[in-house]
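Novice: Got a structure for you, questions after.
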Amino acid sequence: MSAHGSARALTIGELAAKKDAGEPIVMVTAYDHPSAQIADEAGVDLVLVGDSAAMTVLGYDSTVPVTVDEMLMLTRAVRRGLSRPLLVGDLPFGSYEASDSLAVQTAQRFVKEAGCDLVKVERGGSTVDRVRAIVAAGIPVVGHVGLTPQSVTALGGYRAQGRTAEAAKTVIDDALALQEAGCSLIVVEAVPSQVTSLLVERLRIPVIGIGAGADADGQVLVWHDLLGIYDGPAAKFVKRYADVRSVSVAGVRAYADEVRSGAYPAAEHGYGMPADEVAKLRELLAGE
Ligand code: KIV
């Protein structure tokens, strides 16, 4: 038995061993209990309750407004659905940057109140000190470099990063600094595959890519992207493995049609009552 269910939970050491063995690591985001159960059953290694939840499930137009309490509610629901994969909680914008003590307090909430195995933070720079503090408090950390959506305004929009030698060196230097500060994993988002390849060679910890080419030690995709849950354009790196939105619209439309036509509910969808009880009820009502 693992701490969280019937299947044995993976360990961070096993992820590192996968990098050493050249075995790709699979990570997805999830934001609710049934999705967590599906991810677990599908055999992924890591589940990230990303602050992308702000857009995918809460309807905000960026990751910036989502609060710690909103993230904790979603993360707890995912925790209850997982047995084997490691659970990563995403510290939202404004919940860790200002000081080491704020970072440690927020990370502790994700571990204590939502059962996270690791927490994720974005950027290099001052985040490196925050990572050192969280790791010193005994909490494993995932760093996130390249396109870091919490600083999308400063980065000039949702666009690929590290496309010049100097910009790429900054991405690599940030990742190295995060590793030295104690990160267990690095997520690298939207950088050229050549940069990922140089990064993977230089880091001893696993590098999980999103829009970062095939050379990363693993891949992560956003749940709603990979399952096609929303309409409209997706980032260049997204591959849709299902069309859940169309299937869902068709299902709800069929239900609406049947309610309107009277086809639903049919007799088999209801509960019966013996005829003598119905007769008795009529008498009771008539006597009132
Ligand atoms: O919030 C998120 O979903 C993420 C992934 C894109 C890595 O940070």
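By order of appearance in the structure tokens: chains A, B, ..., then residues from 1 within every chain, and ligands from 1 in the order shown.
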Please, which residues have at least one atom within 8 Å of an atom of ligand 1, using only C-alpha atoms and all ligand atoms, listed as an NGL selection string?
Specialist: :A and (29 or 48-53 or 63 or 90 or 120 or 144 or 148-149 or 187-189 or 210 or 220-222)
Novice: Name the closest residue to Arg245 of chain A among the candidates A:Val259, A:Gly13, A:Leu226, A:Ser151; distances are taken between atoms, counting only C-alpha atoms.
Specialist: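 Among A:Val259, A:Gly13, A:Leu226, A:Ser151, it is A:Leu226 that comes nearest to Arg245 of chain A.
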Novice: Could you tell me, as a list in words, which residues of segment 33-166 of chain A DSSP assigns to strand (DSSP E or B) when given the backbone?
Specialist: Leu46, Val47, Leu48, Val49, Leu86, Leu87, Val88, Gly89, Asp90, Leu118, Val119, Lys120, Val121, Glu122, Val141, Val142, Gly143, His144, Val145 and Gly146 of chain A
Novice: Take the residues that were just selected and, keeping N, CA, C and O atoms, output them as a CSV table (one decimal), in the first residue's frame.
Specialist:
chain,number,residue,atom,x,y,z
A,46,LEU,N,3.7,11.4,-13.7
A,46,LEU,CA,3.5,12.6,-12.8
A,46,LEU,C,2.2,13.3,-13.3
A,46,LEU,O,1.9,13.4,-14.4
A,47,VAL,N,1.5,13.8,-12.3
A,47,VAL,CA,0.3,14.6,-12.5
A,47,VAL,C,0.6,16.0,-11.9
A,47,VAL,O,0.9,16.1,-10.7
A,48,LEU,N,0.5,17.0,-12.8
A,48,LEU,CA,0.7,18.4,-12.3
A,48,LEU,C,-0.7,19.1,-12.3
A,48,LEU,O,-1.4,19.1,-13.3
A,49,VAL,N,-1.1,19.6,-11.1
A,49,VAL,CA,-2.2,20.5,-11.1
A,49,VAL,C,-1.7,21.9,-11.4
A,49,VAL,O,-1.3,22.6,-10.5
A,86,LEU,N,3.3,10.6,-9.2
A,86,LEU,CA,3.7,11.6,-8.2
A,86,LEU,C,2.8,12.9,-8.5
A,86,LEU,O,2.5,13.2,-9.7
A,87,LEU,N,2.4,13.6,-7.5
A,87,LEU,CA,1.5,14.7,-7.6
A,87,LEU,C,2.4,16.0,-7.4
A,87,LEU,O,3.0,16.2,-6.4
A,88,VAL,N,2.3,16.9,-8.4
A,88,VAL,CA,3.0,18.2,-8.4
A,88,VAL,C,1.9,19.3,-8.2
A,88,VAL,O,1.0,19.4,-9.0
A,89,GLY,N,2.1,20.1,-7.2
A,89,GLY,CA,1.3,21.3,-7.0
A,89,GLY,C,2.0,22.5,-7.6
A,89,GLY,O,3.2,22.6,-7.5
A,90,ASP,N,1.2,23.4,-8.2
A,90,ASP,CA,1.8,24.6,-8.9
A,90,ASP,C,1.6,25.8,-8.0
A,90,ASP,O,0.4,26.2,-7.7
A,118,LEU,N,5.5,17.1,-4.7
A,118,LEU,CA,6.5,18.2,-5.1
A,118,LEU,C,5.7,19.4,-5.4
A,118,LEU,O,4.4,19.4,-5.6
A,119,VAL,N,6.3,20.6,-5.4
A,119,VAL,CA,5.7,21.8,-5.8
A,119,VAL,C,6.5,22.4,-6.9
A,119,VAL,O,7.7,22.2,-7.0
A,120,LYS,N,5.8,23.2,-7.8
A,120,LYS,CA,6.5,23.8,-9.0
A,120,LYS,C,6.5,25.3,-8.8
A,120,LYS,O,5.5,25.9,-8.4
A,121,VAL,N,7.6,25.9,-9.2
A,121,VAL,CA,7.7,27.4,-9.2
A,121,VAL,C,8.3,27.8,-10.6
A,121,VAL,O,8.9,27.0,-11.3
A,122,GLU,N,8.1,29.0,-11.0
A,122,GLU,CA,8.5,29.5,-12.3
A,122,GLU,C,9.7,30.4,-12.2
A,122,GLU,O,9.9,31.1,-11.3
A,141,VAL,N,11.1,20.2,-5.2
A,141,VAL,CA,10.7,21.3,-6.1
A,141,VAL,C,10.9,21.0,-7.5
A,141,VAL,O,12.0,20.4,-7.9
A,142,VAL,N,10.0,21.4,-8.4
A,142,VAL,CA,10.1,21.4,-9.8
A,142,VAL,C,10.3,22.8,-10.3
A,142,VAL,O,9.5,23.7,-9.9
A,143,GLY,N,11.4,23.1,-11.0
A,143,GLY,CA,11.6,24.4,-11.6
A,143,GLY,C,10.9,24.5,-13.0
A,143,GLY,O,10.7,23.4,-13.6
A,144,HIS,N,10.7,25.7,-13.5
A,144,HIS,CA,10.0,25.9,-14.8
A,144,HIS,C,10.7,27.0,-15.5
A,144,HIS,O,10.7,28.2,-15.0
A,145,VAL,N,11.3,26.8,-16.6
A,145,VAL,CA,12.0,27.8,-17.4
A,145,VAL,C,11.6,27.8,-18.8
A,145,VAL,O,10.8,27.0,-19.2
A,146,GLY,N,12.1,28.8,-19.6
A,146,GLY,CA,11.7,29.0,-20.9
A,146,GLY,C,10.5,29.9,-20.9
A,146,GLY,O,10.5,31.0,-20.3
Novice: What is the distance, in Å and to one decimal place, between atom CA of Leu199 of chain A and atom CA of Gln161 of chain A?
Specialist: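 The value is 13.7 Å.
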Novice: As an exercise, work out the distance from atom CA of Ser261 of chain A to atom CA of Ser248 of chain A in Å and give it to one decimal place.
Specialist: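 Between atom CA of Ser261 of chain A and atom CA of Ser248 of chain A the gap is 19.9 Å.
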Novice: Excluding segment 216-219 of chain A and its own-chain neighbours fewer than 2 positions away, which residues fall within 9 Å of it when counting only C-alpha atoms? Please give them as a PyMOL selection string.
Specialist: chain A and resi 18-19+22-28+187-188+193+196-197+199-200+206-214+221
Novice: Measure the distance from atom CA of Thr56 of chain A to atom CA of His224 of chain A in Å and round it to one decimal.
Specialist: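 Computing the Euclidean distance for atom CA of Thr56 of chain A and atom CA of His224 of chain A yields 6.7 Å.
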Novice: Write out as a list of chain:residue names the residues lying within 8 Å of segment 169-181 of chain A, counting only C-alpha atoms and excluding same-chain residues fewer than 4 positions away.
Specialist: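 These residues fall inside the cut-off: A:Arg123, A:Gly124, A:Gly125, A:Val128, A:Asp129, A:Val131, A:Arg132, A:Val135, A:Gly143, A:His144, A:Val145, A:Gly146, A:Gly162, A:Ala165, A:Leu185, A:Ile186, A:Val195, A:Leu199, A:Arg202, A:Leu203, A:Ile205.
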Novice: Would you list, as a PyMOL selection string, the residues of segment 31-240 of chain A that end up in alpha helix (DSSP H) under DSSP run on this structure's backbone?
Specialist: chain A and resi 33-41+53-56+68-79+100-112+127-136+152-155+165-180+193-202+223-226
Novice: Got a sec: who's within 10 Å of segment 67-79 of chain A, counting only C-alpha atoms, leaving out chain neighbours fewer than 2 positions off, as a VMD selection string?
Specialist: chain A and resid 4 to 5 29 to 37 39 47 to 51 53 to 54 57 to 58 63 to 65 81 to 83 85 to 95 106 109 to 111 113 to 117
